[in-house]
>>> print(open('coords.cif').read())   # mmCIF, C-alpha atoms
data_my_file
#
loop_
_atom_site.label_atom_id
_atom_site.label_comp_id
_atom_site.auth_asym_id
_atom_site.auth_seq_id
_atom_site.Cartn_x
_atom_site.Cartn_y
_atom_site.Cartn_z
CA MET A 19 121.81 153.89 -9.05
CA PHE A 20 122.82 152.76 -12.54
CA LEU A 21 120.59 150.11 -14.11
CA SER A 22 121.81 147.77 -16.83
CA GLY A 23 119.59 147.11 -19.82
CA ARG A 24 118.45 143.79 -18.38
CA GLN A 25 117.79 145.31 -14.95
CA THR A 26 115.74 148.10 -16.54
CA GLU A 27 113.64 145.52 -18.38
CA ILE A 28 113.22 143.47 -15.19
CA LEU A 29 112.00 146.62 -13.42
CA GLU A 30 109.49 147.33 -16.21
CA ILE A 31 108.16 143.76 -15.97
CA ALA A 32 107.83 144.10 -12.20
CA LYS A 33 105.96 147.40 -12.57
CA ALA A 34 103.58 145.88 -15.11
CA GLU A 35 102.97 142.56 -13.35
CA GLY A 36 103.69 143.42 -9.73
CA ARG A 37 106.01 140.43 -9.28
CA VAL A 38 108.92 138.72 -11.04
CA LEU A 39 110.24 135.18 -10.52
CA VAL A 40 113.85 134.07 -10.80
CA GLU A 41 113.22 130.99 -12.93
CA GLU A 42 110.92 132.80 -15.37
CA LEU A 43 113.40 135.66 -15.78
CA ALA A 44 116.31 133.25 -16.30
CA ALA A 45 114.38 131.55 -19.12
CA ARG A 46 113.29 134.86 -20.62
CA PHE A 47 116.80 136.31 -20.77
CA SER A 48 118.62 133.00 -21.41
CA VAL A 49 120.90 133.44 -18.40
CA THR A 50 121.48 131.46 -15.23
CA PRO A 51 119.28 131.83 -12.13
CA GLN A 52 122.39 133.05 -10.29
CA THR A 53 122.70 135.97 -12.73
CA ILE A 54 119.06 136.90 -12.19
CA ARG A 55 119.44 136.65 -8.41
CA LYS A 56 122.34 139.11 -8.60
CA ASP A 57 120.20 141.49 -10.69
CA LEU A 58 117.35 141.23 -8.18
CA ASN A 59 119.70 141.70 -5.24
CA ASP A 60 121.09 144.87 -6.87
CA LEU A 61 117.58 146.21 -7.51
CA CYS A 62 116.46 145.37 -3.98
CA ASP A 63 119.59 146.91 -2.43
CA GLY A 64 118.55 150.13 -4.17
CA ARG A 65 114.98 149.58 -2.94
CA VAL A 66 113.66 149.67 -6.48
CA LEU A 67 112.18 146.20 -5.83
CA SER A 68 111.48 144.20 -2.67
CA ARG A 69 112.80 140.65 -2.38
CA VAL A 70 110.38 137.78 -1.78
CA HIS A 71 110.87 134.01 -1.89
CA GLY A 72 111.65 132.99 -5.46
CA GLY A 73 111.74 136.50 -6.88
CA ALA A 74 110.85 140.13 -6.13
CA ILE A 75 107.87 142.49 -6.09
CA PHE A 76 107.37 146.11 -7.04
CA PRO A 77 107.10 148.13 -3.79
CA GLY A 78 103.74 149.32 -2.61
CA GLY A 79 101.74 149.59 0.60
CA THR A 80 103.63 151.45 3.31
CA GLU A 81 107.08 151.17 1.71
CA ASN A 82 108.46 154.02 -0.35
CA VAL A 83 111.40 153.77 -2.74
CA LYS A 84 114.68 155.52 -1.98
CA TYR A 85 115.19 158.91 -3.58
CA GLU A 86 117.93 157.90 -6.04
CA ALA A 87 115.93 154.87 -7.12
CA ARG A 88 112.82 157.02 -7.66
CA ARG A 89 114.82 159.30 -9.92
CA SER A 90 115.67 156.35 -12.18
CA ILE A 91 112.05 155.19 -12.54
CA ALA A 92 110.34 156.62 -15.64
CA ALA A 93 113.04 159.31 -15.94
CA PRO A 94 112.31 160.26 -19.59
CA GLU A 95 108.58 160.46 -18.82
CA LYS A 96 109.26 162.74 -15.85
CA GLN A 97 111.38 165.05 -17.98
CA ALA A 98 108.59 165.32 -20.56
CA ILE A 99 106.05 165.96 -17.81
CA GLY A 100 108.34 168.62 -16.35
CA ARG A 101 108.58 170.44 -19.67
CA ALA A 102 104.81 170.28 -20.23
CA ALA A 103 104.00 171.56 -16.74
CA ALA A 104 106.58 174.36 -16.97
CA GLY A 105 104.97 175.39 -20.25
CA LEU A 106 101.73 176.08 -18.38
CA ILE A 107 103.39 178.59 -16.05
CA PRO A 108 103.90 182.10 -17.49
CA ASN A 109 106.66 184.52 -16.65
CA ASN A 110 105.96 186.97 -13.80
CA SER A 111 104.23 184.30 -11.73
CA SER A 112 104.41 183.10 -8.15
CA LEU A 113 104.31 179.38 -7.44
CA PHE A 114 104.80 176.59 -4.96
CA ILE A 115 106.90 173.55 -5.88
CA ASN A 116 106.45 170.58 -3.57
CA ILE A 117 108.64 167.57 -2.78
CA GLY A 118 109.19 164.87 -5.41
CA THR A 119 111.35 163.78 -8.32
CA THR A 120 108.68 164.79 -10.86
CA THR A 121 108.23 168.23 -9.30
CA GLU A 122 112.01 168.60 -9.48
CA ALA A 123 111.77 167.95 -13.22
CA VAL A 124 109.33 170.87 -13.42
CA GLY A 125 111.81 173.05 -11.54
CA GLU A 126 114.57 172.19 -14.01
CA ALA A 127 112.28 173.03 -16.92
CA LEU A 128 111.58 176.50 -15.45
CA LEU A 129 115.16 177.68 -15.81
CA GLY A 130 114.36 179.65 -18.95
CA HIS A 131 111.55 181.58 -17.25
CA HIS A 132 111.82 185.16 -16.02
CA GLU A 133 110.55 187.04 -12.98
CA LEU A 134 109.34 184.02 -11.06
CA MET A 135 108.87 183.77 -7.32
CA VAL A 136 109.26 180.13 -6.31
CA ILE A 137 108.33 179.03 -2.80
CA THR A 138 109.44 175.48 -2.11
CA ASN A 139 109.96 172.93 0.62
CA ASN A 140 112.32 171.00 -1.64
CA ILE A 141 116.02 171.72 -1.07
CA ASN A 142 116.94 170.18 -4.44
CA VAL A 143 114.64 172.60 -6.30
CA ALA A 144 115.93 175.57 -4.31
CA ASN A 145 119.55 174.63 -5.01
CA LYS A 146 118.97 174.37 -8.77
CA LEU A 147 117.04 177.63 -9.08
CA ARG A 148 118.95 179.85 -6.63
CA ILE A 149 121.72 180.80 -9.08
CA PHE A 150 119.34 182.33 -11.62
CA PRO A 151 118.85 186.06 -10.91
CA SER A 152 115.49 186.14 -12.73
CA ILE A 153 114.04 183.61 -10.26
CA GLU A 154 113.49 184.53 -6.62
CA VAL A 155 113.63 181.45 -4.41
CA VAL A 156 111.95 181.32 -1.00
CA ILE A 157 112.53 178.15 1.01
CA ALA A 158 110.35 176.82 3.81
CA GLY A 159 111.64 176.20 7.31
CA GLY A 160 111.13 172.97 9.17
CA VAL A 161 112.54 169.48 9.55
CA VAL A 162 114.79 168.47 6.62
CA ARG A 163 114.22 164.86 5.60
CA GLY A 164 117.65 163.39 5.03
CA SER A 165 116.48 160.86 2.47
CA ASP A 166 115.46 163.39 -0.20
CA GLY A 167 115.94 166.96 1.03
CA GLY A 168 112.25 167.54 1.62
CA ILE A 169 111.26 170.00 4.36
CA VAL A 170 108.26 168.77 6.37
CA GLY A 171 106.46 169.35 9.64
CA GLU A 172 104.27 171.99 11.26
CA ALA A 173 106.80 174.80 10.77
CA ALA A 174 106.73 174.18 7.01
CA VAL A 175 102.92 174.15 7.03
CA ASP A 176 102.78 177.47 8.91
CA PHE A 177 105.30 178.96 6.48
CA ILE A 178 103.31 177.91 3.40
CA ARG A 179 100.14 179.44 4.84
CA GLN A 180 101.72 182.90 4.72
CA PHE A 181 101.43 182.92 0.91
CA LYS A 182 98.72 182.95 -1.75
CA VAL A 183 100.32 182.11 -5.09
CA ASP A 184 99.31 181.85 -8.74
CA TYR A 185 100.33 178.21 -9.25
CA ALA A 186 101.21 175.13 -7.25
CA VAL A 187 103.10 172.12 -8.57
CA ILE A 188 102.47 169.00 -6.52
CA GLY A 189 103.15 165.30 -6.91
CA ALA A 190 101.78 162.10 -5.42
CA SER A 191 103.30 158.73 -4.60
CA ALA A 192 100.16 156.93 -5.76
CA ILE A 193 96.84 157.69 -7.45
CA ASP A 194 93.91 155.42 -6.66
CA THR A 195 91.23 154.46 -9.15
CA ASP A 196 88.73 156.58 -7.19
CA GLY A 197 90.87 159.69 -7.73
CA ALA A 198 92.47 159.73 -4.27
CA LEU A 199 95.96 161.23 -4.20
CA LEU A 200 98.17 159.30 -1.78
CA ASP A 201 101.57 159.53 -0.12
CA PHE A 202 103.68 157.81 2.53
CA ASP A 203 104.65 160.52 5.06
CA PHE A 204 101.79 162.26 6.90
CA ARG A 205 104.10 165.22 7.60
CA GLU A 206 104.68 165.69 3.87
CA VAL A 207 100.96 165.33 3.22
CA LYS A 208 100.11 168.18 5.60
CA VAL A 209 102.47 170.48 3.69
CA ALA A 210 100.94 169.38 0.37
CA GLN A 211 97.45 170.11 1.70
CA ALA A 212 98.54 173.61 2.73
CA ILE A 213 100.01 174.15 -0.74
CA ILE A 214 96.74 173.10 -2.42
CA ALA A 215 94.74 175.41 -0.17
CA ASN A 216 96.90 178.45 -0.92
CA ALA A 217 97.25 178.34 -4.71
CA ARG A 218 94.91 179.70 -7.36
CA HIS A 219 95.79 176.98 -9.88
CA VAL A 220 97.01 173.53 -8.79
CA ILE A 221 99.04 171.41 -11.23
CA LEU A 222 99.41 167.72 -10.36
CA VAL A 223 102.41 166.02 -12.00
CA ALA A 224 102.69 162.24 -11.90
CA ASP A 225 103.87 159.58 -14.32
CA GLY A 226 101.86 156.48 -15.15
CA THR A 227 103.64 154.24 -12.63
CA LYS A 228 101.75 156.07 -9.86
CA PHE A 229 98.57 154.27 -10.99
CA GLU A 230 100.29 150.97 -10.19
CA ARG A 231 101.24 151.81 -6.60
CA THR A 232 99.51 152.23 -3.27
CA ALA A 233 100.34 154.46 -0.30
CA PRO A 234 98.64 154.82 3.10
CA VAL A 235 98.15 158.58 3.59
CA ARG A 236 95.58 160.66 1.73
CA ILE A 237 96.71 164.02 0.31
CA GLY A 238 93.39 164.87 -1.28
CA HIS A 239 91.43 164.12 -4.44
CA LEU A 240 91.94 164.67 -8.14
CA SER A 241 88.92 166.99 -8.13
CA GLN A 242 90.96 169.49 -6.06
CA VAL A 243 93.46 170.13 -8.84
CA HIS A 244 92.98 172.19 -11.99
CA THR A 245 95.47 170.48 -14.33
CA PHE A 246 96.86 166.94 -14.28
CA VAL A 247 100.03 166.40 -16.31
CA THR A 248 101.06 162.78 -16.90
CA ASP A 249 102.68 160.71 -19.63
CA GLU A 250 99.55 158.63 -20.21
CA CYS A 251 96.35 157.99 -18.28
CA ASN A 252 95.09 154.48 -18.98
CA ILE A 253 92.73 154.35 -15.99
CA GLU A 254 89.27 155.10 -17.32
CA SER A 255 87.83 155.94 -13.89
CA VAL A 256 90.55 158.58 -13.37
CA ARG A 257 89.91 159.99 -16.83
CA ALA A 258 86.17 160.15 -16.06
CA ILE A 259 86.78 161.93 -12.72
CA ALA A 260 88.94 164.51 -14.48
CA ALA A 261 86.24 165.13 -17.07
CA GLU A 262 83.47 165.33 -14.46
CA HIS A 263 85.29 167.93 -12.35
CA GLY A 264 86.73 170.00 -15.18
CA VAL A 265 90.33 168.93 -14.55
CA ARG A 266 92.46 169.54 -17.63
CA LEU A 267 94.29 166.32 -18.53
CA VAL A 268 97.61 166.77 -20.32
CA GLU A 269 99.22 163.56 -21.60
CA THR A 270 102.78 164.08 -22.85
CA SER A 271 102.85 160.83 -24.83
CA ARG A 272 99.99 162.13 -26.98
CA ARG A 273 101.47 165.46 -27.97
CA PRO A 274 104.90 166.94 -28.62
CA VAL A 275 106.54 168.75 -25.72
#
>>> encode(input="coords.cif", output="structure tokens")
Amino acid sequence: MFLSGRQTEILEIAKAEGRVLVEELAARFSVTPQTIRKDLNDLCDGRVLSRVHGGAIFPGGTENVKYEARRSIAAPEKQAIGRAAAGLIPNNSSLFINIGTTTEAVGEALLGHHELMVITNNINVANKLRIFPSIEVVIAGGVVRGSDGGIVGEAAVDFIRQFKVDYAVIGASAIDTDGALLDFDFREVKVAQAIIANARHVILVADGTKFERTAPVRIGHLSQVHTFVTDECNIESVRAIAAEHGVRLVETSRRPV
């Protein structure tokens, strides 16, 4: 979905504060409450926000955001994360790429690589990489999730377990302050767990909004990954967990990419 400048700012306020109110936004932007209600209705129709009495909230809990809306959230940060993560993967490597809009950004950033074998359960990644002769694409079988092109289920898990690769690129819908990596779909989580178990080096990619969200299903823990690439980690407990377990923390906002 296309977001106007005001809608983008409303979304950023909602992400920072968790909730926005019609009257406060109308005063802030010097527009009528009716204009703000239309903005909120547009954002809620795209499931970027959830409507509540008097305003809207940033989604959390058991509700995920639609695929197209997720792509619009923190898009520049995801692109920078994608470039940084791709820079960690050498030519002549094998790797998993999991479901997610940030992992897709990594896939796009790999287009200049050579002699890669990419195993993925993400149709969008496979479709982007398949036309490049220097990249061999292997796609998992299983149930295709219509909402985002992710392939999930036991068949996908069994397929992933046939491989042992150099790198894995995984995402998470939420990261808790105790280092728990969380998601919404238990079928997707089982595939992610198989990916973690069958890679020599696991790269977690997640932008800073994932610290502001919650999700009900546990993928694993930050200590299970080797490198965490994000735009900025402002959660001191997460930073401490990374340091304690030897997880390399790459913050794209603190270095050129």
>>> closest_residue(input="coords.cif", among="A:Thr227, A:Gln211, A:Asn110, A:Asn59", to="Ala192 of chain A", atoms="all atoms listed in the file")
A:Thr227
>>> residues_near_point(input="coords.cif", point="(108.0, 172.6, -21.9)", cutoff="10 Å", atoms="all atoms listed in the file", output="short mmCIF file (atom, residue, chain, number, x, y, z; two decimals) with C-alpha atoms, keeping the file's coordinate frame")
data_model
loop_
_atom_site.label_atom_id
_atom_site.label_comp_id
_atom_site.auth_asym_id
_atom_site.auth_seq_id
_atom_site.Cartn_x
_atom_site.Cartn_y
_atom_site.Cartn_z
CA GLN A 97 111.38 165.05 -17.98
CA ALA A 98 108.59 165.32 -20.56
CA ILE A 99 106.05 165.96 -17.81
CA GLY A 100 108.34 168.62 -16.35
CA ARG A 101 108.58 170.44 -19.67
CA ALA A 102 104.81 170.28 -20.23
CA ALA A 103 104.00 171.56 -16.74
CA ALA A 104 106.58 174.36 -16.97
CA GLY A 105 104.97 175.39 -20.25
CA LEU A 106 101.73 176.08 -18.38
CA ILE A 107 103.39 178.59 -16.05
CA VAL A 124 109.33 170.87 -13.42
CA ALA A 127 112.28 173.03 -16.92
CA LEU A 128 111.58 176.50 -15.45
CA GLY A 130 114.36 179.65 -18.95
CA PRO A 274 104.90 166.94 -28.62
CA VAL A 275 106.54 168.75 -25.72
#
>>> closest_residue(input="coords.cif", among="A:Ile137, A:Phe177, A:Ala144, A:Tyr185", to="Gly159 of chain A", atoms="all atoms listed in the file")
A:Phe177
>>> closest_residue(input="coords.cif", among="A:Glu154, A:Glu254, A:Asp166, A:Glu262", to="Glu122 of chain A", atoms="all atoms listed in the file")
A:Asp166
>>> residues_around(input="coords.cif", residues="Ala92 of chain A", least_positions_apart="6", cutoff="10 Å", atoms="only C-alpha atoms", output="list in words")
Glu30, Thr120, Asp225, Gly226, Thr227 and Asp249 of chain A
>>> atom_distance(input="coords.cif", atom1="atom CA of Ile115 of chain A", atom2="atom CA of Val162 of chain A")
15.6 Å
